[in-house]
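Content type mmCIF, C-alpha atoms; chains and numbers go by the auth columns, from the file query-v3.cif:
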```
data_structure
#
loop_
_atom_site.group_PDB
_atom_site.id
_atom_site.type_symbol
_atom_site.label_atom_id
_atom_site.label_comp_id
_atom_site.label_asym_id
_atom_site.label_seq_id
_atom_site.Cartn_x
_atom_site.Cartn_y
_atom_site.Cartn_z
_atom_site.B_iso_or_equiv
_atom_site.auth_seq_id
_atom_site.auth_asym_id
ATOM 1 C CA ALA A 1 0.000 0.000 0.000 0.00 1 A
ATOM 2 C CA HIS A 2 2.855 2.375 0.839 0.00 2 A
ATOM 3 C CA CYS A 3 4.812 1.741 -2.365 0.00 3 A
ATOM 4 C CA GLY A 4 1.883 1.398 -4.758 0.00 4 A
ATOM 5 C CA ASP A 5 2.812 0.107 -8.214 0.00 5 A
ATOM 6 C CA SER A 6 6.476 1.127 -7.972 0.00 6 A
ATOM 7 C CA LEU A 7 7.724 -2.327 -6.888 0.00 7 A
ATOM 8 C CA SER A 8 7.908 -5.643 -8.676 0.00 8 A
ATOM 9 C CA GLY A 9 6.225 -8.789 -7.430 0.00 9 A
ATOM 10 C CA ILE A 10 7.413 -12.352 -6.857 0.00 10 A
ATOM 11 C CA GLY A 11 6.486 -15.574 -8.612 0.00 11 A
ATOM 12 C CA GLY A 12 4.132 -13.798 -10.990 0.00 12 A
ATOM 13 C CA GLU A 13 2.063 -12.422 -8.130 0.00 13 A
ATOM 14 C CA LYS A 14 1.653 -8.829 -7.028 0.00 14 A
ATOM 15 C CA ARG A 15 3.593 -8.861 -3.769 0.00 15 A
ATOM 16 C CA PRO A 16 5.523 -5.585 -3.856 0.00 16 A
ATOM 17 C CA GLY A 17 8.982 -5.756 -2.321 0.00 17 A
ATOM 18 C CA ILE A 18 8.676 -9.357 -1.122 0.00 18 A
ATOM 19 C CA VAL A 19 12.013 -11.009 -1.833 0.00 19 A
ATOM 20 C CA HIS A 20 11.543 -14.411 -0.185 0.00 20 A
ATOM 21 C CA ARG A 21 9.033 -16.363 1.876 0.00 21 A
ATOM 22 C CA LEU A 22 8.677 -18.404 5.035 0.00 22 A
ATOM 23 C CA ASP A 23 6.412 -21.418 5.309 0.00 23 A
ATOM 24 C CA LYS A 24 2.990 -20.654 6.702 0.00 24 A
ATOM 25 C CA ASP A 25 3.199 -20.629 10.522 0.00 25 A
ATOM 26 C CA THR A 26 7.010 -20.507 10.576 0.00 26 A
ATOM 27 C CA SER A 27 8.073 -17.501 12.648 0.00 27 A
ATOM 28 C CA GLY A 28 11.091 -15.266 12.172 0.00 28 A
ATOM 29 C CA LEU A 29 12.836 -12.869 9.864 0.00 29 A
ATOM 30 C CA ILE A 30 12.068 -11.803 6.329 0.00 30 A
ATOM 31 C CA VAL A 31 13.507 -8.902 4.367 0.00 31 A
ATOM 32 C CA VAL A 32 11.341 -6.551 2.301 0.00 32 A
ATOM 33 C CA ALA A 33 12.653 -4.196 -0.376 0.00 33 A
ATOM 34 C CA LYS A 34 11.471 -0.583 -0.590 0.00 34 A
ATOM 35 C CA THR A 35 12.788 0.141 -4.097 0.00 35 A
ATOM 36 C CA ASP A 36 13.066 -1.901 -7.267 0.00 36 A
ATOM 37 C CA ARG A 37 16.852 -1.519 -7.219 0.00 37 A
ATOM 38 C CA ALA A 38 16.960 -2.995 -3.725 0.00 38 A
ATOM 39 C CA HIS A 39 14.510 -5.706 -4.745 0.00 39 A
ATOM 40 C CA GLN A 40 16.625 -6.811 -7.700 0.00 40 A
ATOM 41 C CA GLY A 41 19.835 -6.814 -5.682 0.00 41 A
ATOM 42 C CA LEU A 42 18.336 -8.794 -2.824 0.00 42 A
ATOM 43 C CA ALA A 43 16.613 -11.227 -5.172 0.00 43 A
ATOM 44 C CA ALA A 44 19.978 -11.998 -6.773 0.00 44 A
ATOM 45 C CA GLN A 45 21.478 -12.816 -3.366 0.00 45 A
ATOM 46 C CA PHE A 46 18.585 -15.111 -2.466 0.00 46 A
ATOM 47 C CA ALA A 47 18.798 -16.792 -5.867 0.00 47 A
ATOM 48 C CA ALA A 48 22.430 -17.704 -5.069 0.00 48 A
ATOM 49 C CA HIS A 49 21.323 -19.135 -1.678 0.00 49 A
ATOM 50 C CA GLY A 50 24.547 -18.033 -0.007 0.00 50 A
ATOM 51 C CA ARG A 51 26.854 -19.919 -2.348 0.00 51 A
ATOM 52 C CA ASP A 52 28.481 -16.603 -3.272 0.00 52 A
ATOM 53 C CA GLY A 53 29.107 -15.859 0.416 0.00 53 A
ATOM 54 C CA LYS A 54 26.675 -12.960 0.581 0.00 54 A
ATOM 55 C CA LEU A 55 23.545 -14.490 2.126 0.00 55 A
ATOM 56 C CA THR A 56 23.334 -16.365 5.428 0.00 56 A
ATOM 57 C CA ARG A 57 20.135 -17.847 6.860 0.00 57 A
ATOM 58 C CA ALA A 58 19.732 -19.901 10.003 0.00 58 A
ATOM 59 C CA TYR A 59 16.694 -21.507 11.619 0.00 59 A
ATOM 60 C CA TRP A 60 16.021 -23.038 15.025 0.00 60 A
ATOM 61 C CA ALA A 61 13.856 -26.150 15.047 0.00 61 A
ATOM 62 C CA LEU A 62 12.633 -28.424 17.808 0.00 62 A
ATOM 63 C CA VAL A 63 12.711 -31.956 16.421 0.00 63 A
ATOM 64 C CA TRP A 64 11.784 -35.369 17.775 0.00 64 A
ATOM 65 C CA GLY A 65 14.711 -37.494 18.935 0.00 65 A
ATOM 66 C CA GLU A 66 18.365 -36.630 18.383 0.00 66 A
ATOM 67 C CA PRO A 67 19.857 -36.566 14.883 0.00 67 A
ATOM 68 C CA LYS A 68 23.057 -38.577 14.489 0.00 68 A
ATOM 69 C CA PRO A 69 25.658 -37.398 13.901 0.00 69 A
ATOM 70 C CA ARG A 70 24.962 -34.269 15.933 0.00 70 A
ATOM 71 C CA ARG A 71 26.332 -32.144 13.107 0.00 71 A
ATOM 72 C CA GLY A 72 25.853 -33.037 9.482 0.00 72 A
ATOM 73 C CA THR A 73 24.537 -32.232 6.022 0.00 73 A
ATOM 74 C CA ILE A 74 21.369 -33.546 4.434 0.00 74 A
ATOM 75 C CA GLU A 75 21.566 -33.760 0.652 0.00 75 A
ATOM 76 C CA ALA A 76 18.295 -35.019 -0.783 0.00 76 A
ATOM 77 C CA ASN A 77 16.452 -33.692 -3.799 0.00 77 A
ATOM 78 C CA ILE A 78 12.956 -32.388 -3.157 0.00 78 A
ATOM 79 C CA ALA A 79 9.955 -32.824 -5.445 0.00 79 A
ATOM 80 C CA ARG A 80 6.212 -32.648 -5.139 0.00 80 A
ATOM 81 C CA SER A 81 4.879 -35.823 -3.552 0.00 81 A
ATOM 82 C CA THR A 82 3.330 -38.301 -5.975 0.00 82 A
ATOM 83 C CA HIS A 83 0.924 -39.406 -3.212 0.00 83 A
ATOM 84 C CA ASN A 84 -0.244 -35.957 -2.099 0.00 84 A
ATOM 85 C CA ARG A 85 0.231 -33.017 -4.447 0.00 85 A
ATOM 86 C CA SER A 86 -0.037 -30.540 -1.573 0.00 86 A
ATOM 87 C CA LYS A 87 3.102 -31.992 0.026 0.00 87 A
ATOM 88 C CA MET A 88 6.774 -32.109 -0.902 0.00 88 A
ATOM 89 C CA ALA A 89 8.994 -35.173 -0.535 0.00 89 A
ATOM 90 C CA ALA A 90 12.671 -36.118 -0.476 0.00 90 A
ATOM 91 C CA VAL A 91 13.402 -38.158 -3.610 0.00 91 A
ATOM 92 C CA LYS A 92 16.355 -40.159 -4.900 0.00 92 A
ATOM 93 C CA THR A 93 15.896 -39.199 -8.537 0.00 93 A
ATOM 94 C CA ALA A 94 14.447 -36.137 -10.268 0.00 94 A
ATOM 95 C CA GLY A 95 13.294 -33.235 -8.102 0.00 95 A
ATOM 96 C CA ARG A 96 15.432 -30.191 -7.329 0.00 96 A
ATOM 97 C CA GLU A 97 18.734 -30.178 -5.487 0.00 97 A
ATOM 98 C CA ALA A 98 18.319 -29.418 -1.783 0.00 98 A
ATOM 99 C CA ILE A 99 21.055 -29.121 0.864 0.00 99 A
ATOM 100 C CA THR A 100 20.570 -28.451 4.577 0.00 100 A
ATOM 101 C CA HIS A 101 23.383 -28.178 7.117 0.00 101 A
ATOM 102 C CA TYR A 102 22.309 -28.911 10.694 0.00 102 A
ATOM 103 C CA GLU A 103 23.772 -28.934 14.192 0.00 103 A
ATOM 104 C CA VAL A 104 22.195 -30.232 17.403 0.00 104 A
ATOM 105 C CA LEU A 105 22.465 -27.432 19.967 0.00 105 A
ATOM 106 C CA GLU A 106 20.828 -29.215 22.899 0.00 106 A
ATOM 107 C CA SER A 107 18.971 -32.460 23.572 0.00 107 A
ATOM 108 C CA PHE A 108 16.315 -33.106 26.198 0.00 108 A
ATOM 109 C CA GLY A 109 15.654 -36.413 27.937 0.00 109 A
ATOM 110 C CA GLU A 110 17.672 -39.606 28.342 0.00 110 A
ATOM 111 C CA PRO A 111 17.510 -41.091 25.811 0.00 111 A
ATOM 112 C CA PRO A 112 16.799 -37.833 23.940 0.00 112 A
ATOM 113 C CA ILE A 113 13.111 -37.184 23.303 0.00 113 A
ATOM 114 C CA VAL A 114 13.489 -33.739 21.700 0.00 114 A
ATOM 115 C CA SER A 115 16.454 -31.767 20.326 0.00 115 A
ATOM 116 C CA LEU A 116 16.991 -28.108 19.522 0.00 116 A
ATOM 117 C CA VAL A 117 18.630 -28.012 16.096 0.00 117 A
ATOM 118 C CA GLU A 118 20.066 -25.138 14.082 0.00 118 A
ATOM 119 C CA CYS A 119 19.613 -25.505 10.331 0.00 119 A
ATOM 120 C CA ARG A 120 21.445 -23.489 7.693 0.00 120 A
ATOM 121 C CA LEU A 121 20.213 -23.576 4.113 0.00 121 A
ATOM 122 C CA GLU A 122 22.422 -23.963 1.063 0.00 122 A
ATOM 123 C CA THR A 123 19.334 -24.119 -1.161 0.00 123 A
ATOM 124 C CA GLY A 124 15.853 -22.735 -0.674 0.00 124 A
ATOM 125 C CA ARG A 125 13.233 -25.320 -1.597 0.00 125 A
ATOM 126 C CA THR A 126 9.610 -25.336 -0.471 0.00 126 A
ATOM 127 C CA HIS A 127 9.309 -26.852 3.036 0.00 127 A
ATOM 128 C CA GLN A 128 12.998 -27.806 2.832 0.00 128 A
ATOM 129 C CA ILE A 129 13.877 -28.054 6.530 0.00 129 A
ATOM 130 C CA ARG A 130 10.648 -29.835 7.419 0.00 130 A
ATOM 131 C CA VAL A 131 11.019 -32.366 4.585 0.00 131 A
ATOM 132 C CA HIS A 132 14.712 -32.971 5.249 0.00 132 A
ATOM 133 C CA MET A 133 14.348 -33.465 9.002 0.00 133 A
ATOM 134 C CA THR A 134 11.470 -35.895 8.411 0.00 134 A
ATOM 135 C CA SER A 135 13.565 -37.743 5.816 0.00 135 A
ATOM 136 C CA ILE A 136 16.174 -38.605 8.468 0.00 136 A
ATOM 137 C CA GLY A 137 13.550 -39.631 11.014 0.00 137 A
ATOM 138 C CA HIS A 138 13.438 -36.467 13.125 0.00 138 A
ATOM 139 C CA PRO A 139 10.359 -34.431 12.142 0.00 139 A
ATOM 140 C CA VAL A 140 9.735 -30.969 13.544 0.00 140 A
ATOM 141 C CA LEU A 141 7.488 -30.868 16.602 0.00 141 A
ATOM 142 C CA GLY A 142 3.933 -29.837 15.811 0.00 142 A
ATOM 143 C CA ASP A 143 4.369 -30.118 12.051 0.00 143 A
ATOM 144 C CA PRO A 144 0.848 -30.782 10.746 0.00 144 A
ATOM 145 C CA THR A 145 2.040 -31.814 7.283 0.00 145 A
ATOM 146 C CA TYR A 146 5.234 -33.806 7.761 0.00 146 A
ATOM 147 C CA GLY A 147 5.137 -34.723 11.449 0.00 147 A
ATOM 148 C CA GLY A 148 2.991 -37.829 11.086 0.00 148 A
ATOM 149 C CA SER A 149 1.296 -39.228 14.179 0.00 149 A
ATOM 150 C CA GLN A 150 3.054 -37.699 17.182 0.00 150 A
ATOM 151 C CA LYS A 151 0.791 -39.167 19.874 0.00 151 A
ATOM 152 C CA THR A 152 3.305 -41.706 21.225 0.00 152 A
ATOM 153 C CA ARG A 153 6.126 -39.173 21.280 0.00 153 A
ATOM 154 C CA LYS A 154 3.960 -36.514 22.921 0.00 154 A
ATOM 155 C CA ALA A 155 3.126 -38.953 25.726 0.00 155 A
ATOM 156 C CA LYS A 156 6.812 -38.958 26.743 0.00 156 A
ATOM 157 C CA LEU A 157 6.764 -35.214 27.423 0.00 157 A
ATOM 158 C CA PRO A 158 6.032 -33.652 30.832 0.00 158 A
ATOM 159 C CA PRO A 159 2.370 -32.560 31.169 0.00 159 A
ATOM 160 C CA GLU A 160 3.265 -28.881 30.889 0.00 160 A
ATOM 161 C CA ALA A 161 5.235 -29.469 27.688 0.00 161 A
ATOM 162 C CA GLN A 162 2.371 -31.497 26.223 0.00 162 A
ATOM 163 C CA GLY A 163 -0.012 -28.622 26.857 0.00 163 A
ATOM 164 C CA LEU A 164 2.368 -26.042 25.388 0.00 164 A
ATOM 165 C CA LEU A 165 2.892 -28.182 22.282 0.00 165 A
ATOM 166 C CA GLU A 166 -0.877 -28.434 21.811 0.00 166 A
ATOM 167 C CA ARG A 167 -1.204 -24.659 22.136 0.00 167 A
ATOM 168 C CA LEU A 168 1.714 -24.078 19.745 0.00 168 A
ATOM 169 C CA ASN A 169 -0.560 -25.348 16.968 0.00 169 A
ATOM 170 C CA ARG A 170 2.178 -25.020 14.338 0.00 170 A
ATOM 171 C CA GLN A 171 5.567 -26.423 13.432 0.00 171 A
ATOM 172 C CA ALA A 172 8.270 -25.459 15.967 0.00 172 A
ATOM 173 C CA LEU A 173 10.424 -23.694 13.376 0.00 173 A
ATOM 174 C CA HIS A 174 11.845 -20.169 13.632 0.00 174 A
ATOM 175 C CA ALA A 175 14.023 -18.187 11.205 0.00 175 A
ATOM 176 C CA HIS A 176 16.362 -16.644 13.765 0.00 176 A
ATOM 177 C CA HIS A 177 19.193 -15.214 11.647 0.00 177 A
ATOM 178 C CA LEU A 178 19.427 -13.371 8.341 0.00 178 A
ATOM 179 C CA GLY A 179 22.548 -11.776 6.896 0.00 179 A
ATOM 180 C CA PHE A 180 23.093 -10.146 3.499 0.00 180 A
ATOM 181 C CA GLU A 181 24.855 -7.313 1.708 0.00 181 A
ATOM 182 C CA HIS A 182 22.928 -4.084 1.372 0.00 182 A
ATOM 183 C CA PRO A 183 21.928 -4.125 -2.310 0.00 183 A
ATOM 184 C CA VAL A 184 22.961 -0.501 -2.841 0.00 184 A
ATOM 185 C CA THR A 185 25.810 0.285 -0.430 0.00 185 A
ATOM 186 C CA GLY A 186 27.279 -3.213 -0.227 0.00 186 A
ATOM 187 C CA LYS A 187 27.440 -2.917 3.569 0.00 187 A
ATOM 188 C CA ARG A 188 27.190 -6.206 5.464 0.00 188 A
ATOM 189 C CA LEU A 189 23.947 -6.415 7.441 0.00 189 A
ATOM 190 C CA GLU A 190 23.137 -9.037 10.109 0.00 190 A
ATOM 191 C CA PHE A 191 19.810 -9.495 11.878 0.00 191 A
ATOM 192 C CA ASP A 192 18.718 -11.854 14.656 0.00 192 A
ATOM 193 C CA ALA A 193 15.276 -12.577 16.093 0.00 193 A
ATOM 194 C CA ALA A 194 14.755 -14.204 19.479 0.00 194 A
ATOM 195 C CA LEU A 195 12.382 -17.131 19.789 0.00 195 A
ATOM 196 C CA PRO A 196 8.728 -16.080 19.978 0.00 196 A
ATOM 197 C CA ALA A 197 6.956 -16.725 23.271 0.00 197 A
ATOM 198 C CA ASP A 198 5.215 -19.919 22.142 0.00 198 A
ATOM 199 C CA MET A 199 8.442 -21.685 21.191 0.00 199 A
ATOM 200 C CA ALA A 200 10.421 -20.155 24.068 0.00 200 A
ATOM 201 C CA ASP A 201 7.902 -21.415 26.634 0.00 201 A
ATOM 202 C CA LEU A 202 7.943 -24.890 25.084 0.00 202 A
ATOM 203 C CA LEU A 203 11.750 -24.935 25.119 0.00 203 A
ATOM 204 C CA THR A 204 11.813 -23.930 28.796 0.00 204 A
ATOM 205 C CA SER A 205 9.365 -26.698 29.696 0.00 205 A
ATOM 206 C CA LEU A 206 11.557 -29.279 27.914 0.00 206 A
ATOM 207 C CA GLU A 207 14.394 -28.502 30.309 0.00 207 A
ATOM 208 C CA GLU A 208 12.470 -30.565 32.889 0.00 208 A
ATOM 209 C CA LEU A 209 13.277 -33.732 30.939 0.00 209 A
#
```
Go ahead and render the structure in this file as structure tokens.
Amino acid sequence: AHCGDSLSGIGGEKRPGIVHRLDKDTSGLIVVAKTDRAHQGLAAQFAAHGRDGKLTRAYWALVWGEPKPRRGTIEANIARSTHNRSKMAAVKTAGREAITHYEVLESFGEPPIVSLVECRLETGRTHQIRVHMTSIGHPVLGDPTYGGSQKTRKAKLPPEAQGLLERLNRQALHAHHLGFEHPVTGKRLEFDAALPADMADLLTSLEEL
């Protein structure tokens, strides 16, 4: 509304200044351009997905279990699911290249019931983190699309954590860091967003495990 028709859209849709997207119900940082010059410069950085060293993106996710090894890279192409066209899936052939680097920051329970994982993207595919974490057997807590039946796992949580997970009512995924070069000045810019209250409260309750 502020910029009117002076800005380009994204993906053929009129979304002025929108350079990239987050999954529905994923919290965290996005960058919005205020001029077409800025939009084009930022779009180029996101198209390179950080492979040119300009863009950095990091997410925090609460996942079931504990990924092994605790630090690793998931390389699995992603394509639209042949069973459900509204979902994406990790595939061995075809699809689009997708690479996620992850690190377990903390695990809760013995043996681990839930882990806090940081994910850094080398590519930017639809639902990438959620699909990749599910593909290695550690879906994101609360994920309505890729989490499968979580009833048995939920039962292992303390009562307070169970209630907070129910109230979360979304995937426990948060885009906490975004870094890029200013598209006009070239200055390095870094931004960080703390966990929102719903995820922060759930994380605190998991420390009881």
The PyMOL selection byres ((chain A and resi 120) around 8) resolved against shown file, as a PyMOL selection string: chain A and resi 56-59+100-102+118-119+121-122
Residue among A:Thr35, A:Ser135, A:Asn77, A:Ser205 lying closest to Arg96 in chain A, counting all atoms listed in the file: A:Asn77
Closest of A:Lys34, A:Lys24, A:His39, A:Arg71 to Pro144 in chain A - atom-to-atom distances counting all atoms listed in the file: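 So, comparing all the options, the nearest one is A:Lys24.
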8 Å contact set for range 173-179 of chain A, all atoms listed in the file, chain neighbours under 4 positions out, as a PyMOL selection string: chain A and resi 26-30+54-62+140+188-195
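The spacing separating CA of Thr145 in chain A from CA of His127 in chain A amounts to 9.8 Å.
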Sphere at (3.4, -37.7, 12.1), radius 12 Å, counting only C-alpha atoms: residues as a ChimeraX atom specification: /A:63-64,130-131,134-135,137-154,171
Pick from A:Asp198, A:Glu97, A:Asp36, A:Glu66, whichever lies nearest to Gly109 in chain A using all atoms listed in the file: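 Nearest to Gly109 in chain A: A:Glu66.
Between CA of Glu160 in chain A and CA of Met133 in chain A the interatomic distance comes to 25.0 Å.
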Selection dump of the PyMOL selection byres ((chain A and resi 163) around 12), as number ranges by chain: A: 142, 154-155, 157-162, 164-169, 198, 201-202, 205-206
